[in-house]
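For reference, the structure is listed below as structure tokens.
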There are 2 protein chains.
Amino acid sequence: MYDISGWRHIFKLDPAKPISEAALRAVCTSETDAIVIGGTDQVTESNVSQLKFRVRRYSKPVALELSHIDSIVPGFDAYLIPTVLNSPDVTYHNGILFDALKAYGHLIDFDDVVFEGYIVLNPNSKVGEVTQAKTHLTIEDVETYAQMIESMYRLPVMYIEYSGTYGDVEKVKAAAEILSHTQLVYGGGITNLEEAQAMATHAHTIVVGNIIYEDLNQALKTVKIKELPE
Amino acid sequence: MYDISGWRHIFKLDPAKPISEAALRAVCTSETDAIVIGGTDQVTESNVSQLKFRVRRYSKPVALELSHIDSIVPGFDAYLIPTVLNSPDVTYHNGILFDALKAYGHLIDFDDVVFEGYIVLNPNSKVGEVTQAKTHLTIEDVETYAQMIESMYRLPVMYIEYSGTYGDVEKVKAAAEILSHTQLVYGGGITNLEEAQAMATHAHTIVVGNIIYEDLNQALKTVKIKELPE
């Protein structure tokens, strides 16, 4: 299993969104710990390959977060594979995974793979719509999922995904207080350093995505969360 | 996590089925490694408690295999919790688990728990009907689940459940050839030593259930699989 425990800040690039060379350079030469390529819509082998090729010119670790079997591309440092544990559709628990393993299992080096326990909490996001995740979770529900991920599934990562909307810090804090081994990753709606810091106080790792395309300077400032004590 | 890796032979008792004191004594004083209490139909807190009380008079380890949140009873050596990975219903992946953790999570000592990756392969069994598991799996499908359980979920146990019917030795063999860390458990339709040996040649652990109630002498003979080399 690839070790991402040293990652505190991740820039997530969407292969379906254009990004200028200058912006990509700024992102890839920032103090971020890693670049993750991933998205939900219009992710193809072609646009993933192209973006990987461009990011590979820099020295950051590059991971692919898999949401489709059609967009599996070799040559990444790590493959992040979500299991959406609050989806009512087994497709997003292990259905896509089954198809991926059946087709490519013999080619996979599992040392490069990180299996992520995902909890999707924004019903209006694309990932919320696709997975139909039960997003109306109480703090107690989030704690239950945290316990499930750490003590039953014993997954290396719990990923709280608010995709596009800034989330409830109290829920992230509640999950963090349950977890002692599993790495807590937060993603969704971070638009500035202050928001990044509020989440990074509880989550071990934060993921900054959309704001890269909307306000690059604000996005770049979020890497300062790395100055927070662990 | 409770370590069941030393178990090669298990007698599984159904709390809904009556068993005489003499038969219970024969089972519990046999060379079996453990007694598991579990069933699918009419399993209640009351009949689980009663059977546990009776089995506890002997020195074998006693585990409870949980299929219902209503039948959780304290005082077992281990709790085996299935996640049925070939069910199309998330209830049997982590839905029951969610309810159990939400209700009792604060009481659970996870050191006593074993999370089992279940594959149900008999469509006509009660567990097949209830979980609606996709039982028509090819050997390649079984290999894919084995890889998923070992390398992605990294579960301690893969349980091939033919519940009531003797299974396909080739599928058990195929799973065994994929697994190197995960313990392979086979259950279903073993009625004599020859059938037990055929499965125990591939599975690390075999579970003998129904035949206890139908032909106790044949059931007792199956413990001789422990003489097979590991």
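How things are named: the first chain in the structure tokens is A, the next is B, and so on; residues count from 1 in each chain; ligands count from 1 in the order shown.
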
Mind running chain B against chain A at 7 Å and telling me each contacting residue's nearest atom pair with the distance in Å (one decimal), counting only C-alpha atoms, chain and number ascending, as JSON lines?
{"residue": "B:Pro88", "atom": "CA", "partner": "A:Val90", "partner_atom": "CA", "distance": 5.9}
{"residue": "B:Asp89", "atom": "CA", "partner": "A:Val90", "partner_atom": "CA", "distance": 6.6}
{"residue": "B:Val90", "atom": "CA", "partner": "A:Val90", "partner_atom": "CA", "distance": 5.8}
{"residue": "B:Phe98", "atom": "CA", "partner": "A:Thr144", "partner_atom": "CA", "distance": 6.8}
{"residue": "B:Leu101", "atom": "CA", "partner": "A:Thr144", "partner_atom": "CA", "distance": 6.2}
{"residue": "B:Lys102", "atom": "CA", "partner": "A:Thr144", "partner_atom": "CA", "distance": 5.6}
{"residue": "B:Phe110", "atom": "CA", "partner": "A:Ser151", "partner_atom": "CA", "distance": 6.5}
{"residue": "B:Phe115", "atom": "CA", "partner": "A:Met152", "partner_atom": "CA", "distance": 6.3}
{"residue": "B:Thr144", "atom": "CA", "partner": "A:Lys102", "partner_atom": "CA", "distance": 5.6}
{"residue": "B:Ser151", "atom": "CA", "partner": "A:Phe110", "partner_atom": "CA", "distance": 6.5}
{"residue": "B:Met152", "atom": "CA", "partner": "A:Phe115", "partner_atom": "CA", "distance": 6.3}
{"residue": "B:Tyr153", "atom": "CA", "partner": "A:Tyr153", "partner_atom": "CA", "distance": 6.8}

Residues within 7 Å of Pro123 in chain B, only C-alpha atoms, excluding chain neighbours under 5 positions, as a compact mmCIF listing (two decimals) with N, CA and C atoms, in the first residue's frame:
# COMPACT_ATOMS: atom_id res chain seq x y z
N GLY B 128 -28.86 -16.91 0.78
CA GLY B 128 -28.89 -16.50 -0.62
C GLY B 128 -30.14 -15.71 -0.95
N GLU B 129 -31.28 -16.19 -0.41
CA GLU B 129 -32.54 -15.47 -0.66
C GLU B 129 -32.55 -14.11 0.02
N THR B 135 -25.08 -15.24 -7.14
CA THR B 135 -24.41 -16.51 -6.86
C THR B 135 -23.82 -17.17 -8.11

> Running DSSP on the backbone, which parts of range 90-164 of chain B land in strand (DSSP E), as a PyMOL selection string?
Replying inline: chain B and resi 113-120+157-161

Next, write the just-selected residues to a file, as an mmCIF file, in the first residue's frame, keeping N, CA, C and O atoms as the atom set.
data_model
loop_
_atom_site.group_PDB
_atom_site.id
_atom_site.type_symbol
_atom_site.label_atom_id
_atom_site.label_comp_id
_atom_site.auth_asym_id
_atom_site.auth_seq_id
_atom_site.Cartn_x
_atom_site.Cartn_y
_atom_site.Cartn_z
ATOM 1 N N VAL B 113 -13.419 -8.905 17.558
ATOM 2 C CA VAL B 113 -14.209 -8.927 16.328
ATOM 3 C C VAL B 113 -13.385 -9.435 15.155
ATOM 4 O O VAL B 113 -12.194 -9.153 15.049
ATOM 5 N N VAL B 114 -14.034 -10.216 14.286
ATOM 6 C CA VAL B 114 -13.425 -10.628 13.017
ATOM 7 C C VAL B 114 -14.381 -10.232 11.901
ATOM 8 O O VAL B 114 -15.543 -10.668 11.888
ATOM 9 N N PHE B 115 -13.910 -9.397 10.997
ATOM 10 C CA PHE B 115 -14.730 -8.937 9.871
ATOM 11 C C PHE B 115 -14.470 -9.888 8.706
ATOM 12 O O PHE B 115 -13.335 -10.023 8.245
ATOM 13 N N GLU B 116 -15.543 -10.552 8.255
ATOM 14 C CA GLU B 116 -15.395 -11.616 7.249
ATOM 15 C C GLU B 116 -15.894 -11.156 5.880
ATOM 16 O O GLU B 116 -17.041 -10.725 5.755
ATOM 17 N N GLY B 117 -15.085 -11.315 4.874
ATOM 18 C CA GLY B 117 -15.527 -11.063 3.499
ATOM 19 C C GLY B 117 -16.274 -12.294 2.994
ATOM 20 O O GLY B 117 -15.658 -13.308 2.679
ATOM 21 N N TYR B 118 -17.599 -12.185 2.958
ATOM 22 C CA TYR B 118 -18.456 -13.312 2.584
ATOM 23 C C TYR B 118 -18.745 -13.307 1.090
ATOM 24 O O TYR B 118 -19.042 -12.262 0.509
ATOM 25 N N ILE B 119 -18.717 -14.485 0.505
ATOM 26 C CA ILE B 119 -19.250 -14.679 -0.841
ATOM 27 C C ILE B 119 -20.272 -15.810 -0.729
ATOM 28 O O ILE B 119 -19.905 -16.938 -0.372
ATOM 29 N N VAL B 120 -21.513 -15.489 -1.003
ATOM 30 C CA VAL B 120 -22.604 -16.471 -0.897
ATOM 31 C C VAL B 120 -22.825 -17.083 -2.270
ATOM 32 O O VAL B 120 -23.036 -16.357 -3.251
ATOM 33 N N VAL B 157 -10.421 -12.657 6.727
ATOM 34 C CA VAL B 157 -11.103 -13.898 6.344
ATOM 35 C C VAL B 157 -11.891 -13.722 5.052
ATOM 36 O O VAL B 157 -12.591 -12.718 4.874
ATOM 37 N N MET B 158 -11.766 -14.698 4.141
ATOM 38 C CA MET B 158 -12.702 -14.840 3.025
ATOM 39 C C MET B 158 -13.528 -16.085 3.306
ATOM 40 O O MET B 158 -12.965 -17.171 3.495
ATOM 41 N N TYR B 159 -14.845 -15.925 3.338
ATOM 42 C CA TYR B 159 -15.746 -17.015 3.699
ATOM 43 C C TYR B 159 -16.576 -17.362 2.475
ATOM 44 O O TYR B 159 -17.398 -16.563 2.030
ATOM 45 N N ILE B 160 -16.337 -18.542 1.920
ATOM 46 C CA ILE B 160 -17.154 -19.028 0.799
ATOM 47 C C ILE B 160 -18.292 -19.846 1.384
ATOM 48 O O ILE B 160 -18.072 -20.898 1.988
ATOM 49 N N GLU B 161 -19.501 -19.331 1.202
ATOM 50 C CA GLU B 161 -20.686 -19.865 1.885
ATOM 51 C C GLU B 161 -21.627 -20.514 0.874
ATOM 52 O O GLU B 161 -22.249 -19.826 0.059
#

>> So, with only C-alpha atoms as the atoms that count, which of B:Leu216, B:Ala133, B:Val62, B:Ala174 lies closest to Ser49 in chain B?
In response: B:Val62

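You will find CA of Gly39 in chain B at 10.3 Å from CA of Ser71 in chain B.
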
> Can you tell me, as a ChimeraX atom specification, what residues are no more than 12 Å from range 188-201 of chain B when counting only C-alpha atoms, ignoring any on the same chain fewer than 3 positions away?
Replying inline: /B:7-12,119-122,125,127,159-177,184-185,204-230

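The coordinates place CA of Ala16 in chain B at 20.4 Å from CA of Ile96 in chain B.
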
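Of the residues listed (A:Val130, A:Ile178, A:Val73, A:Ala34), A:Ala34 shows the shortest atom-to-atom separation from Asp3 in chain A; distances use only C-alpha atoms.
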
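Of note, CA of Asp70 in chain A and CA of Val43 in chain A are spaced 8.3 Å apart.
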